[in-house]
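Raw contents of input-v1.tsv, TSV, C-alpha atoms:
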chain	number	residue	atom	x	y	z
D	13	MET	CA	0.00	0.00	0.00
D	14	SER	CA	1.44	3.39	-0.93
D	15	ASN	CA	1.61	6.24	1.56
D	16	SER	CA	0.85	9.84	0.70
D	17	ILE	CA	3.64	11.61	-1.07
D	18	TYR	CA	3.69	15.33	-1.72
D	19	ILE	CA	4.88	17.94	-4.18
D	20	THR	CA	6.35	20.37	-1.67
D	21	SER	CA	7.82	22.88	-4.14
D	22	SER	CA	7.86	23.57	-7.86
D	23	CYS	CA	9.80	25.79	-10.22
D	24	ILE	CA	9.01	26.50	-13.86
D	25	ILE	CA	11.27	28.49	-16.18
D	26	SER	CA	9.64	29.15	-19.53
D	27	ASN	CA	9.18	32.01	-21.97
D	28	HIS	CA	11.70	34.12	-19.99
D	29	ILE	CA	9.59	33.95	-16.83
D	30	VAL	CA	10.44	32.10	-13.61
D	31	TYR	CA	7.57	30.69	-11.54
D	32	LYS	CA	8.00	29.42	-7.99
D	33	ASN	CA	5.06	27.43	-6.63
D	34	GLY	CA	2.87	28.77	-9.43
D	35	GLN	CA	3.70	32.44	-8.88
D	36	PRO	CA	5.86	34.48	-11.28
D	37	ILE	CA	8.92	35.68	-9.37
D	38	PHE	CA	11.22	36.92	-12.15
D	39	GLU	CA	10.83	38.04	-15.75
D	40	ASN	CA	13.34	39.33	-18.27
D	41	LYS	CA	12.01	39.33	-21.82
D	42	GLY	CA	13.85	40.05	-25.04
D	43	LEU	CA	17.21	38.48	-24.20
D	44	ALA	CA	19.04	35.65	-25.92
D	45	ILE	CA	18.69	32.46	-23.89
D	46	SER	CA	22.28	32.59	-22.61
D	47	ASP	CA	21.86	36.20	-21.41
D	48	PHE	CA	18.50	35.38	-19.86
D	49	LEU	CA	20.07	32.52	-17.88
D	50	VAL	CA	22.82	34.83	-16.60
D	51	SER	CA	20.13	37.33	-15.54
D	52	VAL	CA	18.36	34.59	-13.56
D	53	TYR	CA	21.71	33.72	-11.95
D	54	ARG	CA	22.16	37.37	-10.92
D	55	TYR	CA	18.62	37.39	-9.55
D	56	LEU	CA	19.39	34.25	-7.55
D	57	ASN	CA	22.30	36.12	-5.95
D	58	ASN	CA	24.22	32.90	-5.44
D	59	GLN	CA	28.02	32.87	-5.66
D	60	TYR	CA	28.80	29.74	-7.67
D	61	PRO	CA	31.52	30.59	-10.24
D	62	LYS	CA	31.23	27.16	-11.87
D	63	PHE	CA	27.83	28.26	-13.17
D	64	HIS	CA	29.53	30.24	-15.93
D	65	LYS	CA	31.34	27.15	-17.18
D	66	MET	CA	28.19	25.09	-17.62
D	67	ASP	CA	26.44	24.64	-20.95
D	68	ASN	CA	23.01	26.22	-21.36
D	69	LEU	CA	21.12	23.00	-20.55
D	70	SER	CA	22.97	22.55	-17.26
D	71	LYS	CA	22.58	26.24	-16.44
D	72	LEU	CA	18.83	25.97	-16.97
D	73	GLY	CA	18.48	22.83	-14.85
D	74	TRP	CA	20.83	24.11	-12.15
D	75	LEU	CA	18.99	27.45	-11.87
D	76	ALA	CA	15.58	25.77	-11.77
D	77	CYS	CA	16.85	23.46	-9.02
D	78	GLU	CA	18.37	26.28	-6.96
D	79	LEU	CA	15.08	28.21	-7.12
D	80	LEU	CA	13.08	25.04	-6.43
D	81	LEU	CA	15.03	24.40	-3.23
D	82	GLN	CA	15.46	28.00	-2.07
D	83	ASN	CA	13.45	28.50	1.17
D	84	SER	CA	11.68	25.18	0.47
D	85	PHE	CA	14.19	22.48	1.31
D	86	ASP	CA	15.67	21.47	4.63
D	87	ALA	CA	18.83	19.57	3.75
D	88	ALA	CA	19.34	18.65	7.41
D	89	LYS	CA	16.29	16.33	7.21
D	90	TYR	CA	18.00	13.92	4.80
D	91	LYS	CA	21.19	11.92	4.49
D	92	PRO	CA	23.03	12.55	1.19
D	93	GLU	CA	21.95	9.18	-0.22
D	94	GLU	CA	18.27	9.85	0.59
D	95	THR	CA	17.83	12.63	-1.98
D	96	GLY	CA	17.68	11.64	-5.64
D	97	ILE	CA	17.25	13.35	-9.01
D	98	VAL	CA	15.10	12.08	-11.89
D	99	LEU	CA	15.05	14.32	-14.96
D	100	SER	CA	13.85	14.04	-18.53
D	101	ASN	CA	13.76	15.97	-21.79
D	102	LYS	CA	13.26	15.60	-25.53
D	103	ASN	CA	16.53	16.56	-27.16
D	104	SER	CA	19.07	15.20	-24.72
D	105	SER	CA	22.26	17.33	-24.95
D	106	LEU	CA	21.85	18.03	-28.68
D	107	ASP	CA	22.23	21.81	-28.21
D	108	THR	CA	25.75	21.33	-26.85
D	109	ASP	CA	26.54	18.34	-29.08
D	110	THR	CA	26.06	20.61	-32.10
D	111	ARG	CA	28.22	23.38	-30.68
D	112	TYR	CA	30.92	20.87	-29.76
D	113	LEU	CA	30.88	19.44	-33.27
D	114	GLN	CA	31.51	22.93	-34.65
D	115	THR	CA	34.64	23.28	-32.49
D	116	THR	CA	36.05	20.09	-33.97
D	117	ASN	CA	36.69	22.00	-37.22
D	118	GLU	CA	39.60	23.64	-35.39
D	119	ILE	CA	40.53	22.59	-31.87
D	120	PRO	CA	37.84	20.56	-30.03
D	121	SER	CA	36.79	22.20	-26.79
D	122	PRO	CA	37.29	19.97	-23.72
D	123	ALA	CA	34.99	22.25	-21.70
D	124	LEU	CA	32.15	21.70	-24.18
D	125	PHE	CA	32.86	17.99	-24.59
D	126	VAL	CA	32.15	17.28	-20.92
D	127	TYR	CA	28.58	18.55	-21.41
D	128	THR	CA	27.74	16.25	-24.33
D	129	LEU	CA	25.55	14.07	-22.08
D	130	PRO	CA	22.30	15.29	-20.48
D	131	ASN	CA	22.94	13.59	-17.14
D	132	ILE	CA	25.90	15.91	-16.57
D	133	MET	CA	23.21	18.39	-15.48
D	134	ILE	CA	22.23	15.94	-12.72
D	135	GLY	CA	25.90	15.78	-11.72
D	136	GLU	CA	26.11	19.58	-11.46
D	137	ILE	CA	23.07	19.65	-9.14
D	138	ALA	CA	24.28	16.67	-7.09
D	139	ILE	CA	27.78	18.15	-6.66
D	140	THR	CA	26.38	21.53	-5.58
D	141	HIS	CA	24.24	20.00	-2.82
D	142	GLY	CA	26.11	16.79	-2.07
D	143	PHE	CA	23.16	14.60	-3.10
D	144	LYS	CA	24.18	10.96	-3.51
D	145	GLY	CA	20.81	9.25	-4.01
D	146	GLU	CA	19.44	7.40	-7.04
D	147	ASN	CA	19.49	9.44	-10.23
D	148	ALA	CA	18.29	8.90	-13.77
D	149	PHE	CA	17.76	10.84	-16.98
D	150	PHE	CA	15.07	9.83	-19.48
D	151	ILE	CA	14.36	10.97	-23.03
D	152	PHE	CA	10.70	11.42	-24.03
D	153	ASP	CA	8.94	13.25	-26.86
D	154	GLU	CA	7.16	15.33	-24.25
D	155	PHE	CA	6.87	15.60	-20.47
D	156	ASP	CA	5.48	12.24	-19.35
D	157	ALA	CA	3.86	13.06	-16.01
D	158	ALA	CA	2.44	9.55	-15.60
D	159	PHE	CA	5.87	7.93	-15.95
D	160	VAL	CA	7.61	10.41	-13.66
D	161	GLN	CA	4.90	10.06	-11.01
D	162	GLN	CA	5.04	6.27	-11.09
D	163	TYR	CA	8.84	6.05	-11.18
D	164	VAL	CA	9.45	8.53	-8.36
D	165	ASN	CA	6.55	7.14	-6.33
D	166	ASN	CA	8.22	3.72	-6.43
D	167	LEU	CA	11.57	5.15	-5.35
D	168	LEU	CA	9.98	6.78	-2.31
D	169	ASN	CA	7.57	3.97	-1.43
D	170	CYS	CA	10.38	1.41	-1.59
D	171	ASN	CA	12.49	3.65	0.67
D	172	ILE	CA	15.22	3.89	-1.96
D	173	LEU	CA	14.80	7.65	-1.54
D	174	GLN	CA	13.15	9.88	1.03
D	175	CYS	CA	13.13	12.92	-1.22
D	176	CYS	CA	13.40	13.45	-4.98
D	177	ILE	CA	13.91	16.33	-7.38
D	178	CYS	CA	12.19	15.41	-10.62
D	179	GLY	CA	10.81	16.89	-13.81
D	180	TRP	CA	11.64	18.18	-17.26
D	181	VAL	CA	14.59	20.29	-18.46
D	182	GLU	CA	14.60	20.83	-22.22
D	183	LEU	CA	16.71	23.23	-24.27
D	184	LEU	CA	17.52	23.34	-27.96
D	185	ASN	CA	18.61	26.58	-29.64
D	186	ASN	CA	16.18	29.22	-28.40
D	187	GLU	CA	13.44	26.82	-27.31
D	188	TYR	CA	13.49	25.75	-23.70
D	189	LYS	CA	11.44	24.82	-20.67
D	190	ALA	CA	12.32	23.68	-17.17
D	191	ALA	CA	9.72	22.25	-14.80
D	192	LEU	CA	11.11	20.85	-11.56
D	193	PHE	CA	9.25	19.39	-8.61
D	194	LEU	CA	10.42	18.63	-5.08
D	195	ILE	CA	8.82	15.39	-3.89
D	196	GLU	CA	8.77	14.49	-0.20
D	197	LYS	CA	6.93	12.21	2.19
D	198	ASN	CA	6.03	14.96	4.62
D	199	LYS	CA	3.53	17.73	4.08
D	200	SER	CA	4.69	21.32	4.12
D	201	ALA	CA	2.88	24.67	3.97
D	202	ASN	CA	1.98	24.70	0.29
D	203	SER	CA	2.29	21.03	-0.55
D	204	ILE	CA	-0.14	19.15	-2.74
D	205	ILE	CA	-0.55	15.43	-3.32
D	206	PHE	CA	1.95	13.94	-5.79
D	207	THR	CA	-0.30	12.88	-8.66
D	208	LYS	CA	0.01	12.87	-12.42
D	209	GLU	CA	-2.80	15.43	-12.64
D	210	ASN	CA	-1.08	17.85	-10.25
D	211	LEU	CA	2.23	17.52	-12.11
D	212	ILE	CA	0.48	18.40	-15.37
D	213	LYS	CA	-1.41	21.28	-13.79
D	214	ILE	CA	1.82	22.84	-12.49
D	215	TYR	CA	3.72	22.07	-15.71
D	216	GLN	CA	1.14	23.92	-17.78
D	217	VAL	CA	1.45	27.23	-15.91
F	17	MET	CA	56.89	39.96	-20.03
F	18	ASP	CA	54.40	42.26	-18.24
F	19	LYS	CA	52.38	42.76	-21.46
F	20	LEU	CA	52.36	39.01	-22.09
F	21	MET	CA	51.17	38.27	-18.54
F	22	SER	CA	48.46	40.88	-18.87
F	23	ASP	CA	47.30	39.36	-22.18
F	24	LEU	CA	47.37	35.88	-20.65
F	25	LYS	CA	45.12	36.93	-17.77
F	26	SER	CA	42.47	38.24	-20.18
F	27	GLN	CA	42.80	35.14	-22.35
F	28	ILE	CA	42.47	32.79	-19.36
F	29	ILE	CA	39.31	34.59	-18.22
F	30	ALA	CA	37.78	34.36	-21.69
F	31	GLN	CA	38.86	30.76	-22.36
F	32	LEU	CA	37.67	29.46	-18.99
F	33	ASN	CA	34.52	31.59	-18.70
F	34	LEU	CA	35.66	33.11	-15.41
F	35	GLN	CA	33.01	35.79	-15.66
F	36	ASP	CA	33.24	36.87	-12.02
F	37	THR	CA	37.00	37.35	-12.26
F	38	LYS	CA	38.84	40.43	-13.52
F	39	PRO	CA	42.43	40.38	-14.88
F	40	GLU	CA	43.63	42.36	-11.87
F	41	ASP	CA	42.22	39.64	-9.57
F	42	ILE	CA	44.83	37.19	-10.88
F	43	GLY	CA	48.28	37.65	-9.37
F	44	ASP	CA	51.35	37.05	-11.51
F	45	ASP	CA	52.58	34.38	-9.07
F	46	GLN	CA	49.21	33.17	-7.78
F	47	PRO	CA	48.75	29.39	-8.19
F	48	LEU	CA	46.21	28.73	-10.95
F	49	PHE	CA	45.06	25.39	-9.54
F	50	VAL	CA	43.60	24.22	-6.24
F	51	GLU	CA	44.14	26.88	-3.59
F	52	GLY	CA	44.74	29.72	-6.06
F	53	LEU	CA	42.29	30.37	-8.85
F	54	GLY	CA	40.68	26.98	-8.19
F	55	LEU	CA	40.98	25.62	-11.71
F	56	ASP	CA	40.30	21.93	-12.37
F	57	SER	CA	41.44	19.23	-14.80
F	58	ILE	CA	39.11	20.36	-17.60
F	59	ASP	CA	40.49	23.89	-17.21
F	60	ALA	CA	43.98	22.42	-17.65
F	61	LEU	CA	42.91	21.03	-21.02
F	62	GLU	CA	41.47	24.42	-21.95
F	63	LEU	CA	44.79	26.07	-21.08
F	64	ILE	CA	46.50	23.67	-23.50
F	65	VAL	CA	43.96	24.75	-26.15
F	66	LEU	CA	44.70	28.40	-25.29
F	67	LEU	CA	48.42	27.90	-25.95
F	68	GLN	CA	47.63	26.29	-29.29
F	69	GLN	CA	45.08	28.89	-30.39
F	70	HIS	CA	46.84	32.05	-29.31
F	71	TYR	CA	50.53	31.12	-29.43
F	72	LYS	CA	50.65	28.12	-31.81
F	73	ILE	CA	52.40	26.12	-29.10
F	74	LYS	CA	51.64	22.43	-28.70
F	75	LEU	CA	52.52	21.07	-25.30
F	76	SER	CA	54.45	18.01	-26.46
F	77	ASN	CA	55.17	16.52	-23.05
F	78	ALA	CA	52.13	16.23	-20.76
F	79	GLU	CA	54.41	15.95	-17.74
F	80	GLU	CA	55.45	19.55	-18.32
F	81	GLY	CA	51.87	20.68	-17.62
F	82	PRO	CA	52.02	21.20	-13.85
F	83	LYS	CA	55.22	23.26	-14.20
F	84	VAL	CA	54.03	25.31	-17.20
F	85	PHE	CA	50.57	26.03	-15.80
F	86	LYS	CA	51.63	26.72	-12.22
F	87	THR	CA	51.12	30.50	-12.46
F	88	VAL	CA	50.61	33.18	-15.09
F	89	ARG	CA	54.33	33.96	-14.83
F	90	THR	CA	55.39	30.36	-15.54
F	91	MET	CA	53.06	30.30	-18.54
F	92	ALA	CA	54.55	33.55	-19.83
F	93	GLU	CA	58.09	32.24	-19.30
F	94	TYR	CA	57.24	29.05	-21.21
F	95	ILE	CA	55.75	31.02	-24.11
F	96	THR	CA	58.73	33.41	-24.21
F	97	ALA	CA	61.23	30.53	-24.17
F	98	HIS	CA	59.29	28.70	-26.87
F	99	GLN	CA	59.12	31.80	-29.07
F	100	ALA	CA	62.85	32.46	-28.61
F	101	GLN	CA	63.59	28.85	-29.61
F	102	ASN	CA	61.60	29.24	-32.80
F	103	ALA	CA	62.78	32.76	-33.70
Using structure tokens, write down the structure that the file contains.
Amino acid sequence: MSNSIYITSSCIISNHIVYKNGQPIFENKGLAISDFLVSVYRYLNNQYPKFHKMDNLSKLGWLACELLLQNSFDAAKYKPEETGIVLSNKNSSLDTDTRYLQTTNEIPSPALFVYTLPNIMIGEIAITHGFKGENAFFIFDEFDAAFVQQYVNNLLNCNILQCCICGWVELLNNEYKAALFLIEKNKSANSIIFTKENLIKIYQV
Amino acid sequence: MDKLMSDLKSQIIAQLNLQDTKPEDIGDDQPLFVEGLGLDSIDALELIVLLQQHYKIKLSNAEEGPKVFKTVRTMAEYITAHQAQNA
């Protein structure tokens, strides 16, 4: 029998607007995607120089995760191996793969090469917070709320994880969307039940 | 040598995307790795690319790396010695 599991925080970054728990908290229209991501980083006011070395996909996922957790996550509640990350997208790391391929005409860029896998984004988040729990990256044509709900539900119900960051982080050229959810076993102030329908409702903000 | 070190600092910042760092923040004799500028192994590879792109120097012996990339001054000395050799 499964126990109640909750979405305790959400963060959406889409169309140059950042939403936290359904509310717009930052907007900066008219910028190229890379400049927009830097503006979100400045808004976050977080000193993490490695941010500037990430590719755009990792920057997007990392920013969405930082905003997801900000004022919503008590790291002291969990051991490192109890927090996991399950992400998905459509185009894998194709945005960076293409840029890396272009550098191979002259001297291939080692700094770009290391980002030619989408799960590197999970590594960036895990390193920042010291998370050591189960992690996985899936490729779907579109956000598959039913799959994510079932997969993460199993991880928590089987006590493989006590907490999970999950969702969708897609970026290719100028098209992008990040939708991250913090999933926990305990209720918090604005939490809602972790269901497919609630994931979709938040995703569609 | 001073001009070369100044150029190197700007090139390192651009090559490694050190956007929160200014050239004047990097000391001539400040260690580039670990306790100094905090560069990592991927940055080391990018510094090798920098030498190739800007100075047409290929680091032939990988074991030279730690000595060459110790500080901005050691990089400048290596470039100067290499250019003198090939003059």
Quick check: residues of chain D within 12 Å of chain F, all atoms listed in the file, returned as a PDB file with C-alpha atoms, in the frame of the given file.
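Listing of selection24.pdb after writing:
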ATOM      1  CA  VAL D  50      22.820  34.830 -16.600  1.00  0.00           C
ATOM      2  CA  TYR D  53      21.710  33.720 -11.950  1.00  0.00           C
ATOM      3  CA  ARG D  54      22.160  37.370 -10.920  1.00  0.00           C
ATOM      4  CA  ASN D  58      24.220  32.900  -5.440  1.00  0.00           C
ATOM      5  CA  GLN D  59      28.020  32.870  -5.660  1.00  0.00           C
ATOM      6  CA  TYR D  60      28.800  29.740  -7.670  1.00  0.00           C
ATOM      7  CA  PRO D  61      31.520  30.590 -10.240  1.00  0.00           C
ATOM      8  CA  LYS D  62      31.230  27.160 -11.870  1.00  0.00           C
ATOM      9  CA  PHE D  63      27.830  28.260 -13.170  1.00  0.00           C
ATOM     10  CA  HIS D  64      29.530  30.240 -15.930  1.00  0.00           C
ATOM     11  CA  LYS D  65      31.340  27.150 -17.180  1.00  0.00           C
ATOM     12  CA  MET D  66      28.190  25.090 -17.620  1.00  0.00           C
ATOM     13  CA  ASP D  67      26.440  24.640 -20.950  1.00  0.00           C
ATOM     14  CA  THR D 115      34.640  23.280 -32.490  1.00  0.00           C
ATOM     15  CA  GLU D 118      39.600  23.640 -35.390  1.00  0.00           C
ATOM     16  CA  ILE D 119      40.530  22.590 -31.870  1.00  0.00           C
ATOM     17  CA  PRO D 120      37.840  20.560 -30.030  1.00  0.00           C
ATOM     18  CA  SER D 121      36.790  22.200 -26.790  1.00  0.00           C
ATOM     19  CA  PRO D 122      37.290  19.970 -23.720  1.00  0.00           C
ATOM     20  CA  ALA D 123      34.990  22.250 -21.700  1.00  0.00           C
ATOM     21  CA  LEU D 124      32.150  21.700 -24.180  1.00  0.00           C
ATOM     22  CA  PHE D 125      32.860  17.990 -24.590  1.00  0.00           C
ATOM     23  CA  VAL D 126      32.150  17.280 -20.920  1.00  0.00           C
ATOM     24  CA  TYR D 127      28.580  18.550 -21.410  1.00  0.00           C
TER      25      TYR D 127
END
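With all atoms listed in the file as the basis for measurement, D:Ser100 is the residue among D:Ser100, D:Asn171, D:Asn210, D:Ser203 that approaches D:Asp156 most closely.
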Find the residues near D:Leu43: any atom within 12 Å, counting all atoms listed in the file, skip ones fewer than 3 places away on the same chain, and give them as an MDAnalysis selection string.
-> chainID D and resid 27:29 39:40 46:52 186
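Atom pair atom CA of D:Gln114 / atom CA of D:Thr128: separated by 12.9 Å.
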Do you know which residues are at most 9 Å from F:Leu24 counting only C-alpha atoms, after dropping those on the same chain fewer than 6 positions away, and could you put them as a PyMOL selection string?
-> chain F and resi 39+88+91-92
Residue with the minimum atom-to-atom distance to F:Phe85, picked from F:Leu63, F:Ile29, F:Val50, F:Met21 with all atoms listed in the file counted, is F:Leu63
Please, what is the axis-aligned box for every listed atom of stretch 97-109 of chain D with 4 Å on each side, as centre and edge lengths in Å to one decimal, as JSON?
{"center_x": 19.9, "center_y": 16.9, "center_z": -19.0, "size_x": 21.3, "size_y": 17.7, "size_z": 28.1}
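When atom CA of F:Asn102 is paired with atom CA of F:Asp45, their separation reads 25.9 Å.
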